[in-house]
Amino acid sequence: MKFSTSKTELQKALQKVSKATPTRSTLPILSCLFISTTKKRTLFRATDLEITIQVELPVSIEEEGSACLPIKTLLNITNELPETRVTISVKDQKAKIQTDFGEYDLMSKHADEFPEIPKIGTKQSFNFDSFTLKEIIKTTSFAISKDELKPALTGVLFRIKNSEITAVSTDGHRLVRHINKGFKFKKSIEGDFIAPRKFLSFLLNQELEKNLKILLGENYIAAENNKDIVITRLIDERFPDYDSVIPKDNKKVLNVSKSEFLSAIRRVSIFSNKSTHQVAINLKEKQKCNISTEDPEKSSKAHESLNVEYKGDELTIGYNAEYLKDVVSHIRTENVIINFNTSISAALFNPSSKEEKSETLMLLMPIRLND
């Protein structure tokens, strides 16, 4: 196998596929990059057995073949090179990298040791507007759970019905429901699937075509972008009944400036307990909101007052400041509307104005305040 390409093209390809390389693995082959060179094209592929990324890159092919090379070594040397022509050749399990600056030798592994690309078994395929997809990922991904013992919560639920897509994420403390209306699919598309965080994070950070092709199978989902493809195993778990936890009777309403509210929480939370991050919100006047915290262990406390609009009975409610900051920062309007019920029930966070084709609702559970 022998081919040459520019340093920039090689670097871009390696950076993409490296996202699928596991940090630790019991299978040494997974730390390698699979390279396949034919007369038609050269493919790079990496996998951690959950997500597979394959890219096609422009090269000058001198000799066909395939091999597996250590991806970290390739990426490190490419990052250190200035712009140059890079030639990679493999013969008898020995690889050579040649540039205008020098030659670098390394060992390769047999290509047949590398896992095959998953068979998607396509049930449905459709085009997804990439701008809308990125908006959904940005809005929902912060509430995805990191608890591997609750696999259903480690991704985003996509529910497609008619021309509407509902995306939901929750970690048990926060919940986000984002609804997009007015989708025009070429054919009737319906169904639910849970896409893992890593797959969505990869798509969010890529330059995508206007219309991304999605291939949906029984156990896998794939996204085709130009000549690149990313495939991941779907989360085969039952997502919680999120509608049942969204309260319907939160009649106490707070209207507050997002920037002022967020800044006050950030300042006050500096003095909160570092394990609970507890802050209290007190509402007893129509135009005042008091935010406070106290940490007896360090004899620290803080208090701020904000000008707000509030309708409802007096209420004092506690929150984990980190979760509260996350929720408020993801509201896209200048003001935040918060609907409360009691000090121990979930509050609903909404933008102050509705968008034409989308609707976002965020829920946050309170924490019990120390006496």
# chains A, B, ... in the order shown; residues from 1 in each chain; ligands from 1
$ residues_around --residues "Ser31 of chain A" --least-positions-apart "2" --cutoff "10 Å" --atoms "only C-alpha atoms" --output "PyMOL selection string"
chain A and resi 18+20-29+33-34+46-48+68-72
$ residues_around --residues "Glu334 of chain A" --least-positions-apart "2" --cutoff "8 Å" --atoms "only C-alpha atoms" --output "number ranges by chain"
A: 257-259, 332, 336, 352
$ write_last_selection --atoms "N, CA, C and O atoms" --output "tab-separated table (two decimals), in the first residue's frame"
chain	number	residue	atom	x	y	z
A	257	SER	N	-35.01	38.74	33.85
A	257	SER	CA	-33.99	38.92	32.82
A	257	SER	C	-33.01	37.75	32.89
A	257	SER	O	-32.45	37.46	33.96
A	258	LYS	N	-32.79	37.09	31.76
A	258	LYS	CA	-31.88	35.94	31.73
A	258	LYS	C	-30.47	36.32	32.17
A	258	LYS	O	-29.86	35.65	33.02
A	259	SER	N	-29.94	37.40	31.61
A	259	SER	CA	-28.54	37.78	31.90
A	259	SER	C	-28.37	38.17	33.36
A	259	SER	O	-27.39	37.79	34.01
A	332	ARG	N	-33.20	30.73	25.07
A	332	ARG	CA	-32.67	31.54	23.97
A	332	ARG	C	-33.25	32.95	23.89
A	332	ARG	O	-32.95	33.68	22.95
A	336	VAL	N	-36.55	34.98	30.95
A	336	VAL	CA	-36.90	33.60	31.27
A	336	VAL	C	-38.22	33.61	32.02
A	336	VAL	O	-38.39	34.40	32.97
A	352	SER	N	-39.33	33.59	26.86
A	352	SER	CA	-40.39	34.59	27.05
A	352	SER	C	-41.25	34.78	25.80
A	352	SER	O	-42.34	35.34	25.86
$ closest_residue --among "A:Ala321, A:Ile246, A:Ile331, A:Leu203" --to "Val230 of chain A" --atoms "only C-alpha atoms"
A:Leu203
$ closest_residue --among "A:Ser36, A:Ser201, A:Asn290, A:Asn225" --to "Glu135 of chain A" --atoms "only C-alpha atoms"
A:Ser201
$ residues_around --residues "Phe193 of chain A" --least-positions-apart "3" --cutoff "10 Å" --atoms "only C-alpha atoms" --output "list in words"
Gly155, Val156, Leu157, Phe158, Arg159, Ile160, Ala167, Pro196, Leu216, Gly217, Glu218, Asn219, Tyr220, Ile221, Leu234, Ile235, Asp236, Glu237, Arg238 and Phe239 of chain A
$ closest_atom_pairs --of "segment 184-248 of chain A" --to "segment 41-45 of chain A" --cutoff "10 Å" --atoms "only C-alpha atoms" --output "JSON lines"
{"residue": "A:Lys227", "atom": "CA", "partner": "A:Leu43", "partner_atom": "CA", "distance": 9.7}
{"residue": "A:Asp228", "atom": "CA", "partner": "A:Leu43", "partner_atom": "CA", "distance": 9.3}
{"residue": "A:Ile229", "atom": "CA", "partner": "A:Arg45", "partner_atom": "CA", "distance": 9.6}
{"residue": "A:Val230", "atom": "CA", "partner": "A:Arg45", "partner_atom": "CA", "distance": 9.7}
$ write_last_selection --atoms "N, CA, C and O atoms" --output "mmCIF file, in the first residue's frame"
data_model
loop_
_atom_site.group_PDB
_atom_site.id
_atom_site.type_symbol
_atom_site.label_atom_id
_atom_site.label_comp_id
_atom_site.auth_asym_id
_atom_site.auth_seq_id
_atom_site.Cartn_x
_atom_site.Cartn_y
_atom_site.Cartn_z
ATOM 1 N N LYS A 227 -18.803 12.531 1.797
ATOM 2 C CA LYS A 227 -18.324 11.159 1.635
ATOM 3 C C LYS A 227 -17.959 10.523 2.972
ATOM 4 O O LYS A 227 -17.389 9.438 3.015
ATOM 5 N N ASP A 228 -18.318 11.220 4.048
ATOM 6 C CA ASP A 228 -18.049 10.687 5.381
ATOM 7 C C ASP A 228 -19.299 9.983 5.912
ATOM 8 O O ASP A 228 -20.426 10.356 5.573
ATOM 9 N N ILE A 229 -19.086 8.993 6.771
ATOM 10 C CA ILE A 229 -20.215 8.309 7.391
ATOM 11 C C ILE A 229 -19.878 8.014 8.849
ATOM 12 O O ILE A 229 -18.757 7.636 9.178
ATOM 13 N N VAL A 230 -20.835 8.263 9.725
ATOM 14 C CA VAL A 230 -20.685 7.919 11.137
ATOM 15 C C VAL A 230 -21.844 6.991 11.495
ATOM 16 O O VAL A 230 -23.000 7.271 11.186
#
$ closest_residue --among "A:Lys2, A:Lys94, A:Lys354, A:Lys134" --to "Leu204 of chain A" --atoms "only C-alpha atoms"
A:Lys134
$ select_by_dssp --residues "segment 84-248 of chain A" --states "alpha helix (DSSP H)" --output "compact mmCIF listing (two decimals) with all heavy atoms, in the first residue's frame"
# COMPACT_ATOMS: atom_id res chain seq x y z
N SER A 130 -29.57 20.11 8.56
CA SER A 130 -28.46 20.06 9.51
C SER A 130 -28.50 21.22 10.51
O SER A 130 -28.10 21.06 11.67
CB SER A 130 -27.12 20.06 8.76
OG SER A 130 -26.98 21.21 7.97
N PHE A 131 -29.01 22.39 10.09
CA PHE A 131 -29.12 23.52 11.02
C PHE A 131 -30.08 23.17 12.15
O PHE A 131 -29.80 23.39 13.33
CB PHE A 131 -29.59 24.78 10.29
CG PHE A 131 -29.78 25.97 11.20
CD1 PHE A 131 -28.70 26.75 11.59
CD2 PHE A 131 -31.04 26.30 11.68
CE1 PHE A 131 -28.87 27.84 12.44
CE2 PHE A 131 -31.23 27.39 12.54
CZ PHE A 131 -30.13 28.15 12.90
N THR A 132 -31.22 22.57 11.78
CA THR A 132 -32.21 22.18 12.78
C THR A 132 -31.66 21.10 13.69
O THR A 132 -31.86 21.13 14.91
CB THR A 132 -33.49 21.67 12.08
OG1 THR A 132 -33.99 22.70 11.22
CG2 THR A 132 -34.56 21.29 13.09
N LEU A 133 -30.95 20.13 13.12
CA LEU A 133 -30.37 19.06 13.92
C LEU A 133 -29.39 19.62 14.95
O LEU A 133 -29.41 19.22 16.12
CB LEU A 133 -29.68 18.04 13.02
CG LEU A 133 -28.97 16.88 13.73
CD1 LEU A 133 -29.96 16.07 14.55
CD2 LEU A 133 -28.24 15.98 12.74
N LYS A 134 -28.55 20.54 14.53
CA LYS A 134 -27.58 21.13 15.47
C LYS A 134 -28.28 21.92 16.57
O LYS A 134 -27.85 21.92 17.73
CB LYS A 134 -26.58 22.02 14.72
CG LYS A 134 -25.55 21.22 13.93
CD LYS A 134 -24.40 22.08 13.48
CE LYS A 134 -23.29 21.25 12.84
NZ LYS A 134 -22.06 22.00 12.59
N GLU A 135 -29.38 22.60 16.22
CA GLU A 135 -30.15 23.33 17.23
C GLU A 135 -30.73 22.37 18.26
O GLU A 135 -30.73 22.64 19.46
CB GLU A 135 -31.28 24.13 16.56
CG GLU A 135 -30.82 25.40 15.88
CD GLU A 135 -30.17 26.38 16.84
OE1 GLU A 135 -30.81 26.73 17.85
OE2 GLU A 135 -29.01 26.77 16.60
N ILE A 136 -31.23 21.22 17.79
CA ILE A 136 -31.78 20.21 18.70
C ILE A 136 -30.69 19.69 19.63
O ILE A 136 -30.89 19.58 20.84
CB ILE A 136 -32.40 19.04 17.89
CG1 ILE A 136 -33.67 19.50 17.18
CG2 ILE A 136 -32.71 17.85 18.80
CD1 ILE A 136 -34.25 18.47 16.22
N ILE A 137 -29.52 19.39 19.08
CA ILE A 137 -28.42 18.84 19.89
C ILE A 137 -27.96 19.87 20.92
O ILE A 137 -27.75 19.55 22.09
CB ILE A 137 -27.25 18.39 18.99
CG1 ILE A 137 -27.70 17.27 18.04
CG2 ILE A 137 -26.08 17.91 19.84
CD1 ILE A 137 -26.69 16.92 16.97
N LYS A 138 -27.78 21.13 20.48
CA LYS A 138 -27.36 22.18 21.42
C LYS A 138 -28.36 22.34 22.57
O LYS A 138 -27.98 22.55 23.71
CB LYS A 138 -27.24 23.52 20.68
CG LYS A 138 -26.02 23.66 19.79
CD LYS A 138 -26.08 25.00 19.07
CE LYS A 138 -25.04 25.11 17.97
NZ LYS A 138 -25.22 26.34 17.17
N THR A 139 -29.65 22.26 22.24
CA THR A 139 -30.70 22.50 23.23
C THR A 139 -30.83 21.36 24.22
O THR A 139 -31.12 21.59 25.40
CB THR A 139 -32.05 22.73 22.51
OG1 THR A 139 -31.91 23.79 21.56
CG2 THR A 139 -33.15 23.10 23.49
N THR A 140 -30.60 20.13 23.78
CA THR A 140 -30.90 18.97 24.63
C THR A 140 -29.68 18.30 25.28
O THR A 140 -29.82 17.67 26.32
CB THR A 140 -31.63 17.89 23.82
OG1 THR A 140 -30.82 17.50 22.70
CG2 THR A 140 -32.98 18.39 23.31
N ARG A 197 -25.08 10.05 23.14
CA ARG A 197 -24.43 11.35 23.28
C ARG A 197 -23.23 11.51 22.33
O ARG A 197 -23.06 12.54 21.69
CB ARG A 197 -23.94 11.52 24.72
CG ARG A 197 -23.09 12.76 24.96
CD ARG A 197 -22.17 12.57 26.15
NE ARG A 197 -22.90 12.43 27.38
CZ ARG A 197 -23.27 13.45 28.15
NH1 ARG A 197 -22.96 14.68 27.82
NH2 ARG A 197 -23.93 13.25 29.28
N LYS A 198 -22.38 10.48 22.22
CA LYS A 198 -21.14 10.59 21.45
C LYS A 198 -21.44 10.84 19.96
O LYS A 198 -20.77 11.64 19.30
CB LYS A 198 -20.32 9.32 21.61
CG LYS A 198 -18.88 9.45 21.15
CD LYS A 198 -18.05 8.25 21.57
CE LYS A 198 -16.59 8.42 21.22
NZ LYS A 198 -15.77 7.28 21.66
N PHE A 199 -22.43 10.17 19.44
CA PHE A 199 -22.87 10.34 18.05
C PHE A 199 -23.34 11.77 17.81
O PHE A 199 -22.94 12.43 16.84
CB PHE A 199 -23.99 9.33 17.77
CG PHE A 199 -24.66 9.46 16.43
CD1 PHE A 199 -24.05 8.97 15.28
CD2 PHE A 199 -25.92 10.04 16.31
CE1 PHE A 199 -24.68 9.06 14.05
CE2 PHE A 199 -26.54 10.14 15.09
CZ PHE A 199 -25.92 9.64 13.94
N LEU A 200 -24.16 12.28 18.71
CA LEU A 200 -24.71 13.63 18.56
C LEU A 200 -23.61 14.68 18.73
O LEU A 200 -23.58 15.68 18.00
CB LEU A 200 -25.81 13.85 19.59
CG LEU A 200 -27.02 12.91 19.46
CD1 LEU A 200 -27.98 13.11 20.62
CD2 LEU A 200 -27.75 13.13 18.13
N SER A 201 -22.71 14.45 19.67
CA SER A 201 -21.61 15.39 19.90
C SER A 201 -20.71 15.48 18.67
O SER A 201 -20.26 16.58 18.30
CB SER A 201 -20.80 14.94 21.12
OG SER A 201 -19.71 15.79 21.33
N PHE A 202 -20.46 14.34 18.03
CA PHE A 202 -19.64 14.34 16.82
C PHE A 202 -20.30 15.18 15.72
O PHE A 202 -19.64 16.02 15.09
CB PHE A 202 -19.42 12.91 16.33
CG PHE A 202 -18.65 12.83 15.03
CD1 PHE A 202 -17.27 12.97 15.01
CD2 PHE A 202 -19.30 12.61 13.82
CE1 PHE A 202 -16.56 12.92 13.82
CE2 PHE A 202 -18.61 12.56 12.62
CZ PHE A 202 -17.23 12.71 12.62
N LEU A 203 -21.59 14.97 15.48
CA LEU A 203 -22.31 15.71 14.44
C LEU A 203 -22.33 17.21 14.74
O LEU A 203 -22.19 18.03 13.83
CB LEU A 203 -23.74 15.19 14.30
CG LEU A 203 -23.89 13.76 13.76
CD1 LEU A 203 -25.36 13.36 13.73
CD2 LEU A 203 -23.28 13.62 12.37
N LEU A 204 -22.48 17.55 16.01
CA LEU A 204 -22.54 18.96 16.40
C LEU A 204 -21.26 19.70 16.03
O LEU A 204 -21.29 20.87 15.66
CB LEU A 204 -22.80 19.08 17.91
CG LEU A 204 -22.91 20.49 18.48
CD1 LEU A 204 -24.08 21.25 17.88
CD2 LEU A 204 -23.03 20.43 20.01
$ closest_residue --among "A:Lys284, A:Ser358, A:Val328, A:Gln278" --to "Ile165 of chain A" --atoms "only C-alpha atoms"
A:Ser358
$ select_by_dssp --residues "segment 9-253 of chain A" --states "strand (DSSP E)" --output "PyMOL selection string"
chain A and resi 32-37+42-47+51-57+60-63+65-70+85-91+94-98+103-107+122-129+155-161+164-170+174-180+191-196+211-217+220-225+228-233+252-253
$ residues_around --residues "segment 298-307 of chain A" --least-positions-apart "4" --cutoff "10 Å" --atoms "only C-alpha atoms" --output "list in words"
Asn255, Val256, Ser257, Glu260, Phe261, Ala264, Ile265, Arg267, Val268, Ser269, Ile270, Phe271, Ser272, Asn273, Val279, Ala280, Ile281, Asn282, Glu285, Lys286, Gln287, Lys288, Cys289, Asn290, Ile291, Ser292, Thr293 and Glu294 of chain A
$ atom_distance --atom1 "atom CA of Glu359 of chain A" --atom2 "atom CA of Ile337 of chain A"
13.6 Å
